[in-house]
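Enquirer: Pasting input.cif below, which is mmCIF, C-alpha atoms and all ligand atoms.
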data_data
#
loop_
_atom_site.label_atom_id
_atom_site.label_comp_id
_atom_site.auth_asym_id
_atom_site.auth_seq_id
_atom_site.Cartn_x
_atom_site.Cartn_y
_atom_site.Cartn_z
CA MET A 30 -68.42 -153.18 128.14
CA ILE A 31 -67.07 -156.26 126.26
CA MET A 32 -66.74 -155.56 122.55
CA VAL A 33 -65.02 -156.55 119.32
CA PHE A 34 -63.65 -153.57 117.41
CA ASP A 35 -61.22 -152.24 114.82
CA TRP A 36 -58.93 -149.37 115.63
CA GLY A 37 -56.10 -148.12 113.44
CA VAL A 38 -53.39 -145.49 113.45
CA THR A 39 -52.31 -144.49 109.98
CA ASN A 40 -49.38 -142.21 110.66
CA ALA A 41 -46.64 -140.90 112.91
CA ILE A 42 -47.49 -137.74 114.86
CA HIS A 43 -44.88 -135.10 115.71
CA PHE A 44 -46.52 -132.70 118.11
CA GLY A 45 -45.44 -129.54 119.89
CA ASN A 46 -44.51 -125.88 119.63
CA GLY A 47 -41.77 -125.41 117.05
CA VAL A 48 -41.81 -128.94 115.60
CA LEU A 49 -42.14 -127.52 112.09
CA LYS A 50 -38.35 -127.29 112.14
CA ASP A 51 -38.21 -131.10 111.93
CA LEU A 52 -39.72 -131.12 108.44
CA PRO A 53 -36.44 -131.44 106.46
CA GLU A 54 -35.14 -134.18 108.74
CA ILE A 55 -38.35 -136.19 108.36
CA ILE A 56 -38.20 -135.90 104.58
CA LYS A 57 -34.53 -136.87 104.43
CA ALA A 58 -35.28 -140.12 106.24
CA TYR A 59 -36.96 -141.16 102.98
CA HIS A 60 -33.82 -140.26 100.97
CA ALA A 61 -36.09 -137.94 99.03
CA LYS A 62 -34.95 -135.34 96.51
CA ASP A 63 -38.11 -134.05 94.85
CA VAL A 64 -41.01 -132.65 96.86
CA LEU A 65 -44.50 -131.74 95.73
CA PHE A 66 -45.59 -128.93 98.06
CA ILE A 67 -49.30 -128.13 98.35
CA THR A 68 -50.79 -125.14 100.15
CA ASP A 69 -53.33 -122.34 99.77
CA PRO A 70 -53.07 -118.68 98.73
CA GLY A 71 -53.86 -117.38 102.22
CA LEU A 72 -50.85 -119.15 103.73
CA MET A 73 -48.67 -117.86 100.91
CA LYS A 74 -49.88 -114.34 101.66
CA ILE A 75 -48.94 -114.48 105.35
CA GLY A 76 -45.57 -116.05 104.59
CA TYR A 77 -46.10 -119.54 106.03
CA GLY A 78 -45.90 -121.18 102.61
CA GLU A 79 -42.69 -119.36 101.73
CA ARG A 80 -41.16 -120.27 105.07
CA ALA A 81 -41.83 -123.99 104.59
CA MET A 82 -40.53 -123.93 101.01
CA GLN A 83 -37.35 -122.19 102.13
CA MET A 84 -36.81 -124.90 104.73
CA LEU A 85 -37.08 -127.51 101.99
CA GLU A 86 -34.75 -125.65 99.65
CA HIS A 87 -32.16 -125.00 102.38
CA ALA A 88 -32.12 -128.73 103.00
CA GLY A 89 -31.17 -129.29 99.36
CA LEU A 90 -34.57 -130.56 98.26
CA ARG A 91 -36.13 -129.66 94.91
CA CYS A 92 -39.60 -128.28 95.43
CA TYR A 93 -42.51 -127.95 93.00
CA ALA A 94 -45.31 -125.94 94.57
CA PHE A 95 -49.04 -125.85 93.98
CA THR A 96 -50.25 -122.90 96.05
CA GLU A 97 -53.80 -122.46 94.79
CA VAL A 98 -55.80 -124.84 96.97
CA GLN A 99 -59.37 -123.59 97.41
CA PRO A 100 -61.72 -124.36 100.30
CA ASP A 101 -63.47 -127.72 100.07
CA PRO A 102 -61.53 -129.22 97.14
CA THR A 103 -63.16 -130.70 94.06
CA ASP A 104 -62.32 -133.48 91.63
CA THR A 105 -61.64 -130.81 88.99
CA VAL A 106 -58.93 -129.19 91.12
CA ILE A 107 -57.28 -132.58 91.58
CA ASP A 108 -57.33 -133.07 87.79
CA GLU A 109 -55.76 -129.64 87.34
CA ILE A 110 -52.87 -130.47 89.69
CA LEU A 111 -52.30 -133.77 87.89
CA ARG A 112 -52.24 -131.93 84.56
CA ARG A 113 -49.71 -129.39 85.83
CA THR A 114 -47.43 -132.03 87.32
CA GLU A 115 -47.63 -134.43 84.36
CA GLY A 116 -44.21 -135.92 83.64
CA ARG A 117 -42.65 -134.77 86.91
CA LYS A 118 -41.34 -137.22 89.47
CA PHE A 119 -41.82 -136.77 93.21
CA ASP A 120 -40.51 -138.69 96.21
CA VAL A 121 -42.58 -136.99 98.90
CA ILE A 122 -45.69 -134.78 99.14
CA VAL A 123 -45.89 -132.04 101.77
CA ALA A 124 -49.24 -130.41 102.56
CA LEU A 125 -49.46 -127.20 104.60
CA GLY A 126 -52.85 -125.84 105.60
CA GLY A 127 -56.29 -126.79 106.82
CA GLY A 128 -58.35 -129.76 105.74
CA SER A 129 -58.61 -128.47 102.19
CA SER A 130 -54.86 -128.51 101.53
CA ILE A 131 -54.41 -131.82 103.31
CA ASP A 132 -57.30 -133.52 101.53
CA THR A 133 -56.09 -132.15 98.20
CA ALA A 134 -52.67 -133.67 98.87
CA LYS A 135 -54.20 -137.00 99.89
CA ALA A 136 -56.26 -137.11 96.69
CA VAL A 137 -53.27 -136.23 94.50
CA ASN A 138 -51.25 -138.94 96.21
CA ILE A 139 -54.02 -141.46 95.56
CA MET A 140 -54.19 -140.42 91.91
CA LEU A 141 -50.43 -140.71 91.37
CA HIS A 142 -50.53 -144.39 92.40
CA ASN A 143 -53.96 -145.62 91.33
CA PRO A 144 -56.11 -145.57 88.18
CA ARG A 145 -58.05 -142.37 87.51
CA PRO A 146 -60.54 -140.75 88.10
CA ILE A 147 -60.72 -139.95 91.81
CA THR A 148 -64.52 -140.20 91.75
CA GLN A 149 -64.41 -144.02 91.64
CA TYR A 150 -62.98 -144.19 95.19
CA ASP A 151 -65.91 -142.84 97.20
CA GLY A 152 -66.32 -145.21 100.16
CA PHE A 153 -64.43 -147.53 102.47
CA ASN A 154 -61.24 -149.38 101.47
CA THR A 155 -61.69 -148.57 97.81
CA VAL A 156 -58.10 -147.42 97.11
CA PRO A 157 -55.94 -150.42 96.14
CA ASN A 158 -52.44 -148.91 96.26
CA HIS A 159 -50.67 -146.88 98.90
CA GLY A 160 -49.05 -143.67 97.70
CA MET A 161 -45.71 -142.03 98.39
CA PRO A 162 -44.78 -140.59 101.81
CA LEU A 163 -47.18 -137.76 102.63
CA ILE A 164 -46.33 -135.23 105.33
CA CYS A 165 -49.19 -133.06 106.54
CA ILE A 166 -48.74 -129.84 108.50
CA PRO A 167 -52.07 -128.48 109.80
CA THR A 168 -52.60 -124.76 110.33
CA THR A 169 -56.08 -125.15 111.82
CA ALA A 170 -57.12 -127.09 114.92
CA GLY A 171 -60.24 -128.69 113.56
CA THR A 172 -60.27 -131.10 110.68
CA GLY A 173 -57.79 -133.61 112.09
CA SER A 174 -57.25 -134.76 108.51
CA GLU A 175 -53.51 -134.95 109.15
CA SER A 176 -54.17 -137.91 111.46
CA THR A 177 -57.14 -139.68 109.89
CA PRO A 178 -57.47 -142.18 107.03
CA VAL A 179 -60.12 -139.94 105.47
CA CYS A 180 -60.13 -137.70 102.39
CA VAL A 181 -63.13 -135.55 101.47
CA ILE A 182 -63.36 -134.38 97.85
CA LYS A 183 -66.38 -132.94 96.07
CA ASP A 184 -67.65 -134.88 93.07
CA THR A 185 -68.82 -131.91 91.01
CA ALA A 186 -70.96 -133.92 88.60
CA LYS A 187 -72.89 -135.63 91.40
CA LYS A 188 -72.88 -132.52 93.64
CA LYS A 189 -71.67 -134.76 96.47
CA LYS A 190 -68.79 -134.70 98.91
CA MET A 191 -67.11 -138.07 98.56
CA VAL A 192 -65.63 -139.60 101.68
CA ILE A 193 -62.65 -141.71 100.65
CA LEU A 194 -61.69 -143.80 103.66
CA GLY A 195 -59.17 -146.57 104.23
CA MET A 196 -55.64 -147.61 105.08
CA ASN A 197 -54.23 -146.33 101.74
CA VAL A 198 -55.58 -142.81 102.18
CA GLY A 199 -53.91 -141.17 105.18
CA ALA A 200 -50.67 -139.29 105.67
CA THR A 201 -47.46 -141.01 106.77
CA HIS A 202 -46.49 -138.13 109.07
CA ALA A 203 -48.35 -135.31 110.77
CA ILE A 204 -46.25 -132.38 111.94
CA ILE A 205 -48.60 -130.65 114.37
CA ASP A 206 -47.21 -127.34 115.55
CA PRO A 207 -49.72 -125.28 117.58
CA GLU A 208 -47.75 -122.10 116.87
CA LEU A 209 -49.00 -122.30 113.28
CA THR A 210 -52.53 -121.57 114.50
CA TYR A 211 -51.68 -118.26 116.23
CA GLY A 212 -52.47 -116.30 113.08
CA LEU A 213 -55.76 -118.04 112.38
CA PRO A 214 -58.67 -115.56 112.14
CA SER A 215 -61.08 -115.83 115.07
CA ARG A 216 -64.03 -116.78 112.89
CA ILE A 217 -62.11 -119.75 111.45
CA THR A 218 -60.80 -120.67 114.89
CA ALA A 219 -64.39 -120.90 116.13
CA ALA A 220 -65.77 -122.86 113.19
CA THR A 221 -62.93 -125.37 112.90
CA GLY A 222 -62.90 -125.78 116.67
CA MET A 223 -66.60 -126.65 116.68
CA ASP A 224 -65.92 -129.15 113.90
CA ALA A 225 -63.34 -130.83 116.14
CA LEU A 226 -65.80 -130.87 119.04
CA ALA A 227 -68.34 -132.49 116.70
CA HIS A 228 -65.75 -135.17 115.89
CA CYS A 229 -65.37 -136.01 119.59
CA MET A 230 -69.08 -135.99 120.42
CA GLU A 231 -70.31 -137.77 117.30
CA SER A 232 -67.66 -140.45 117.63
CA TYR A 233 -68.51 -140.94 121.32
CA ILE A 234 -72.19 -141.62 120.63
CA ALA A 235 -71.68 -143.45 117.30
CA THR A 236 -73.22 -146.91 117.32
CA ASN A 237 -69.87 -148.38 116.24
CA THR A 238 -67.77 -146.61 118.88
CA ASN A 239 -65.04 -148.50 120.70
CA VAL A 240 -63.15 -148.25 123.95
CA ILE A 241 -59.97 -146.67 122.53
CA SER A 242 -61.83 -144.09 120.44
CA ARG A 243 -63.96 -143.19 123.43
CA GLN A 244 -60.93 -142.43 125.57
CA ASN A 245 -59.65 -140.17 122.82
CA SER A 246 -63.10 -138.53 122.52
CA ILE A 247 -63.20 -137.81 126.24
CA LYS A 248 -59.76 -136.24 126.29
CA GLY A 249 -60.45 -134.30 123.09
CA MET A 250 -63.80 -132.85 124.15
CA ASN A 251 -62.41 -131.79 127.52
CA LEU A 252 -59.52 -129.92 125.89
CA ILE A 253 -61.70 -128.29 123.23
CA TYR A 254 -64.61 -127.32 125.46
CA ASN A 255 -62.25 -125.67 127.95
CA ASN A 256 -59.92 -123.90 125.50
CA LEU A 257 -61.77 -123.02 122.31
CA LEU A 258 -63.37 -119.85 123.64
CA THR A 259 -60.01 -118.60 124.93
CA CYS A 260 -58.48 -119.22 121.49
CA TYR A 261 -61.35 -117.24 119.97
CA ARG A 262 -61.02 -114.28 122.33
CA ASP A 263 -57.25 -114.33 122.82
CA PRO A 264 -55.77 -115.77 119.60
CA LYS A 265 -52.15 -115.65 120.76
CA ASN A 266 -52.77 -117.46 124.05
CA ALA A 267 -50.10 -120.14 123.74
CA GLU A 268 -51.53 -122.53 126.31
CA ALA A 269 -55.05 -122.43 124.87
CA ARG A 270 -53.79 -122.84 121.29
CA TYR A 271 -51.65 -125.80 122.39
CA ASN A 272 -54.58 -127.44 124.18
CA GLN A 273 -56.98 -126.80 121.31
CA MET A 274 -54.55 -128.36 118.83
CA LEU A 275 -54.07 -131.33 121.15
CA GLY A 276 -57.84 -131.62 121.46
CA SER A 277 -58.33 -131.69 117.70
CA THR A 278 -55.65 -134.40 117.49
CA PHE A 279 -57.43 -136.53 120.08
CA ALA A 280 -60.62 -135.94 118.10
CA ALA A 281 -58.98 -137.27 114.95
CA LEU A 282 -57.74 -140.34 116.82
CA SER A 283 -61.28 -140.86 117.96
CA PHE A 284 -63.41 -140.59 114.83
CA GLY A 285 -60.75 -142.00 112.49
CA SER A 286 -61.68 -145.47 113.73
CA THR A 287 -65.41 -144.98 114.25
CA ASN A 288 -67.67 -142.67 112.31
CA LEU A 289 -69.44 -139.35 112.71
CA GLY A 290 -73.17 -138.67 112.81
CA LEU A 291 -76.10 -136.37 112.09
CA CYS A 292 -74.14 -133.12 112.38
CA HIS A 293 -71.69 -134.06 109.63
CA ALA A 294 -74.46 -135.78 107.66
CA ILE A 295 -76.22 -132.41 107.35
CA ALA A 296 -73.13 -130.20 107.05
CA MET A 297 -71.58 -132.16 104.17
CA PRO A 298 -74.54 -131.92 101.74
CA LEU A 299 -75.05 -128.28 102.75
CA GLY A 300 -71.45 -127.74 101.67
CA ALA A 301 -71.82 -129.72 98.46
CA PHE A 302 -75.07 -127.98 97.49
CA TYR A 303 -74.52 -124.43 98.71
CA GLY A 304 -70.79 -124.02 99.35
CA ILE A 305 -70.75 -123.50 103.12
CA SER A 306 -67.34 -124.60 104.39
CA HIS A 307 -66.93 -127.81 106.37
CA GLY A 308 -66.12 -125.97 109.59
CA ASP A 309 -68.90 -123.41 109.26
CA GLY A 310 -71.45 -126.09 108.37
CA ASN A 311 -70.63 -128.23 111.37
CA ALA A 312 -70.44 -125.26 113.71
CA VAL A 313 -73.96 -124.19 112.71
CA CYS A 314 -75.35 -127.74 112.97
CA LEU A 315 -73.68 -129.00 116.15
CA PRO A 316 -75.98 -127.82 118.99
CA GLU A 317 -79.25 -128.62 117.22
CA THR A 318 -78.17 -132.09 116.04
CA MET A 319 -76.80 -132.88 119.49
CA ALA A 320 -80.13 -131.80 121.01
CA TYR A 321 -81.82 -134.30 118.67
CA ASN A 322 -79.48 -137.10 119.76
CA ALA A 323 -79.62 -136.20 123.45
CA LYS A 324 -83.27 -137.26 123.52
CA VAL A 325 -82.18 -140.76 122.50
CA VAL A 326 -78.92 -141.35 124.40
CA ALA A 327 -79.33 -138.98 127.36
CA GLY A 328 -77.02 -141.01 129.59
CA GLN A 329 -74.15 -140.66 127.15
CA PHE A 330 -74.65 -136.89 127.09
CA VAL A 331 -74.34 -136.82 130.87
CA GLU A 332 -71.09 -138.79 130.53
CA MET A 333 -69.83 -136.32 127.94
CA GLY A 334 -70.85 -133.35 130.07
CA ALA A 335 -68.91 -134.74 133.01
CA ALA A 336 -65.94 -135.42 130.72
CA MET A 337 -65.99 -131.78 129.60
CA GLY A 338 -65.98 -130.62 133.21
CA MET A 339 -69.55 -129.26 133.23
CA GLY A 340 -70.11 -130.85 136.63
CA GLU A 341 -70.43 -134.18 138.42
CA ALA A 342 -72.40 -136.77 136.44
CA LYS A 343 -74.85 -137.16 139.35
CA ASP A 344 -75.76 -133.47 139.12
CA LEU A 345 -75.93 -133.22 135.31
CA THR A 346 -78.75 -133.78 132.85
CA ALA A 347 -78.58 -134.13 129.09
CA ASP A 348 -80.60 -130.90 128.83
CA LYS A 349 -77.95 -129.03 130.82
CA VAL A 350 -75.20 -130.35 128.54
CA ILE A 351 -77.13 -129.18 125.48
CA GLU A 352 -77.76 -125.79 127.10
CA ASN A 353 -73.99 -125.41 127.61
CA LEU A 354 -73.37 -126.36 124.00
CA TYR A 355 -75.77 -123.66 122.77
CA LYS A 356 -74.04 -121.20 125.08
CA LEU A 357 -70.63 -122.10 123.67
CA ALA A 358 -71.95 -121.57 120.12
CA ALA A 359 -73.41 -118.20 121.16
CA ASP A 360 -70.17 -117.12 122.88
CA LEU A 361 -68.28 -118.06 119.71
CA GLU A 362 -70.76 -115.97 117.71
CA ILE A 363 -71.60 -118.87 115.41
CA PRO A 364 -74.16 -117.43 112.97
CA LYS A 365 -77.36 -118.95 111.67
CA LEU A 366 -77.47 -120.68 108.31
CA ALA A 367 -79.13 -117.66 106.67
CA ALA A 368 -75.89 -115.70 107.22
CA TYR A 369 -74.32 -117.98 104.59
CA GLY A 370 -77.08 -117.26 102.08
CA ILE A 371 -78.84 -120.55 102.83
CA GLY A 372 -82.46 -119.58 103.39
CA LYS A 373 -85.41 -121.86 104.01
CA ASP A 374 -86.12 -122.04 100.27
CA LYS A 375 -82.89 -124.09 99.95
CA PHE A 376 -84.24 -127.00 102.05
CA THR A 377 -85.29 -129.02 99.03
CA ASP A 378 -86.27 -132.68 98.70
CA GLU A 379 -82.97 -133.20 96.91
CA LEU A 380 -81.07 -131.89 99.95
CA ILE A 381 -83.09 -134.05 102.35
CA ASP A 382 -82.43 -137.12 100.19
CA ALA A 383 -78.70 -136.34 100.12
CA ILE A 384 -78.62 -136.08 103.93
CA LEU A 385 -80.41 -139.40 104.27
CA MET A 386 -77.82 -141.00 101.96
CA GLU A 387 -74.80 -139.74 103.94
CA GLY A 388 -72.49 -142.42 105.30
CA ALA A 389 -72.04 -140.44 108.51
CA LEU A 390 -75.71 -140.99 109.30
CA THR A 391 -75.41 -144.78 109.42
CA THR A 392 -73.97 -144.78 112.94
CA ASN A 393 -76.02 -141.94 114.41
CA PRO A 394 -77.92 -143.14 117.50
CA LYS A 395 -81.24 -142.43 115.79
CA GLN A 396 -82.14 -142.44 112.11
CA PRO A 397 -84.08 -139.25 111.40
CA THR A 398 -87.09 -139.10 109.11
CA SER A 399 -87.43 -136.51 106.36
CA GLU A 400 -89.79 -134.62 108.66
CA ASP A 401 -87.26 -134.68 111.50
CA LEU A 402 -84.60 -133.26 109.15
CA MET A 403 -86.89 -130.48 108.00
CA VAL A 404 -87.54 -129.47 111.62
CA ILE A 405 -83.79 -129.44 112.32
CA LEU A 406 -82.94 -127.48 109.15
CA ASN A 407 -85.59 -124.89 109.91
CA SER A 408 -84.03 -124.28 113.31
CA LEU A 409 -80.48 -123.73 111.99
FE FE A 501 -65.42 -132.58 110.38
#
How does this structure look as structure tokens?
Ligand SMILES: [Fe+2]
Expert:
Amino acid sequence: MIMVFDWGVTNAIHFGNGVLKDLPEIIKAYHAKDVLFITDPGLMKIGYGERAMQMLEHAGLRCYAFTEVQPDPTDTVIDEILRRTEGRKFDVIVALGGGSSIDTAKAVNIMLHNPRPITQYDGFNTVPNHGMPLICIPTTAGTGSESTPVCVIKDTAKKKKMVILGMNVGATHAIIDPELTYGLPSRITAATGMDALAHCMESYIATNTNVISRQNSIKGMNLIYNNLLTCYRDPKNAEARYNQMLGSTFAALSFGSTNLGLCHAIAMPLGAFYGISHGDGNAVCLPETMAYNAKVVAGQFVEMGAAMGMGEAKDLTADKVIENLYKLAADLEIPKLAAYGIGKDKFTDELIDAILMEGALTTNPKQPTSEDLMVILNSL
């Protein structure tokens, strides 16, 4: 296929078991003294936050910590961090956690170097100035936010998850240490892992895909499809955790230069309206939205099935690939939407309109109608 495309890498990636130890050395390369450290209460509780802060302090760095990141961050939380840090000077930001901590750190970095408020930056290449060095340390193998130029923040007034995307958004370094996912609860392992699989599959079939992203998609979906269930059932399986983390990294390197699709286009408004987390929302939506797309680009689903090791392309059908996807979701015990308190009465015209307005939908192989969306929602 001959094509013209854009593909970009925003940051350095340090990957492997134990690489967390390199954090002080990476910071010192910037001749930094003052660090803004951002994490969540759960990681403080299990000691990961403390451990990272001690590493910084032992290296002679001054550390100011914000440890109250909540799932799916909002513009109001960003304002609160800015208020608390008013008048302080930082040389580097370090984020430890899942997508919520990392996106919070990205947004704070944007706000410390650009005019406020954050809500004006929804969209592509909207942030004029690059921030300070930002080092992201993921503790989930799903979001990939540590390696993408994307920041998702909820605009509370508009009840919308903004997608801030561009070269001035991403981290400068990702320290990706699979050992940090060993303690992840199984339910979160499953949901975030399905989110990463969605990144690979949606990017692969996106109408603006490209040859480099596709190679990353293929590698990512193979690793995730063949390791996620082991991570779920055997959380301390080092090889599976390593492969799953590598898979989510390939996923990030795939969709960071393309786009997503119908699965994310439904999951994001569901999160903005009803509070379901990003991982849970995508996990619930993935099989059904892929079944919708498989009717349109069946050949690409056969390619993906072969890439995941489901069989030889000549023996596979798109239906078989979808069947395997449903089976994976069932094995991972992904619940229905109702389990999150989102009953059929929540499928309002306002929700449908929000889905139709999602940027992720623009590159989906088929543009759904309102009626199509209602059928999909009713099956979730
Ligand atoms: Fe995602």
Enquirer: Using all atoms listed in the file for the distances, tell me which of A:Ala335, A:Ala136, A:Cys292, A:Leu72 is nearest to ligand FE 501 (chain A).
Expert: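 The closest residue to ligand FE 501 (chain A) is A:Cys292.
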Enquirer: In Å, rounded to a single decimal, give me how far CA of Ala281 in chain A is from CA of Ser232 in chain A.
Expert: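 Pair CA of Ser232 in chain A / CA of Ala281 in chain A returns 9.6 Å.
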Enquirer: Skip Leu141 in chain A itself and residues of its chain fewer than 4 positions away, then list as a list in words all residues within 12 Å of it, counting only C-alpha atoms.
Expert: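 Surrounding residues, per the criterion: Leu65, Ile107, Asp108, Ile110, Leu111, Arg112, Thr114, Glu115, Gly116, Arg117, Lys118, Phe119, Asp120, Val121, Ile122, Ala134, Lys135, Ala136, Val137, Arg145, Pro146, Ile147, Val156, Asn158, His159, Gly160, Met161 and Pro162 of chain A.
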Enquirer: Show me the residues close to (-34.8, -127.4, 96.1) - anything with an atom within 12 Å, counting all atoms listed in the file - and format the list as a PyMOL selection string.
Expert: chain A and resi 53+61-66+81-94
Enquirer: Residues within 10 Å of ligand FE 501 (chain A) should be enumerated using all atoms listed in the file and returned as a VMD selection string.
Expert: chain A and resid 128 171 to 174 181 221 to 229 231 280 to 281 284 289 292 to 294 296 to 297 307 to 312
Enquirer: Take CA of Asp360 in chain A and CA of Gly276 in chain A and report the distance between them in Å, one decimal.
Expert: 19.1 Å
Enquirer: Between CA of Asn266 in chain A and CA of Leu354 in chain A, what is the distance, to one decimal in Å?
Expert: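 Straight-line distance from CA of Asn266 in chain A to CA of Leu354 in chain A works out to 22.4 Å.
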Enquirer: Tell me which protein, DNA and RNA residues are within 7 Å of Ser242 in chain A, counting only C-alpha atoms, leaving out same-chain ones fewer than 6 positions away, and put them as a list in words.
Expert: Leu282, Ser283, Phe284 and Ser286 of chain A
Enquirer: Find the residues around Met250 in chain A up to 10 Å (all atoms listed in the file counted), leave out those fewer than 2 positions away in its own chain, and share them as a PDB file with C-alpha atoms, keeping the file's coordinate frame.
Expert:
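To be explicit, this is the file written out as out_34.pdb:
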ATOM      1  CA  ALA A 225     -63.340-130.830 116.140  1.00  0.00           C
ATOM      2  CA  LEU A 226     -65.800-130.870 119.040  1.00  0.00           C
ATOM      3  CA  ALA A 227     -68.340-132.490 116.700  1.00  0.00           C
ATOM      4  CA  HIS A 228     -65.750-135.170 115.890  1.00  0.00           C
ATOM      5  CA  CYS A 229     -65.370-136.010 119.590  1.00  0.00           C
ATOM      6  CA  MET A 230     -69.080-135.990 120.420  1.00  0.00           C
ATOM      7  CA  TYR A 233     -68.510-140.940 121.320  1.00  0.00           C
ATOM      8  CA  ASN A 245     -59.650-140.170 122.820  1.00  0.00           C
ATOM      9  CA  SER A 246     -63.100-138.530 122.520  1.00  0.00           C
ATOM     10  CA  ILE A 247     -63.200-137.810 126.240  1.00  0.00           C
ATOM     11  CA  LYS A 248     -59.760-136.240 126.290  1.00  0.00           C
ATOM     12  CA  LEU A 252     -59.520-129.920 125.890  1.00  0.00           C
ATOM     13  CA  ILE A 253     -61.700-128.290 123.230  1.00  0.00           C
ATOM     14  CA  TYR A 254     -64.610-127.320 125.460  1.00  0.00           C
ATOM     15  CA  ASN A 255     -62.250-125.670 127.950  1.00  0.00           C
ATOM     16  CA  ASN A 256     -59.920-123.900 125.500  1.00  0.00           C
ATOM     17  CA  GLN A 273     -56.980-126.800 121.310  1.00  0.00           C
ATOM     18  CA  GLY A 276     -57.840-131.620 121.460  1.00  0.00           C
ATOM     19  CA  SER A 277     -58.330-131.690 117.700  1.00  0.00           C
ATOM     20  CA  PHE A 279     -57.430-136.530 120.080  1.00  0.00           C
ATOM     21  CA  ALA A 280     -60.620-135.940 118.100  1.00  0.00           C
ATOM     22  CA  MET A 333     -69.830-136.320 127.940  1.00  0.00           C
ATOM     23  CA  GLY A 334     -70.850-133.350 130.070  1.00  0.00           C
ATOM     24  CA  ALA A 336     -65.940-135.420 130.720  1.00  0.00           C
ATOM     25  CA  MET A 337     -65.990-131.780 129.600  1.00  0.00           C
ATOM     26  CA  GLY A 338     -65.980-130.620 133.210  1.00  0.00           C
TER      27      GLY A 338
END
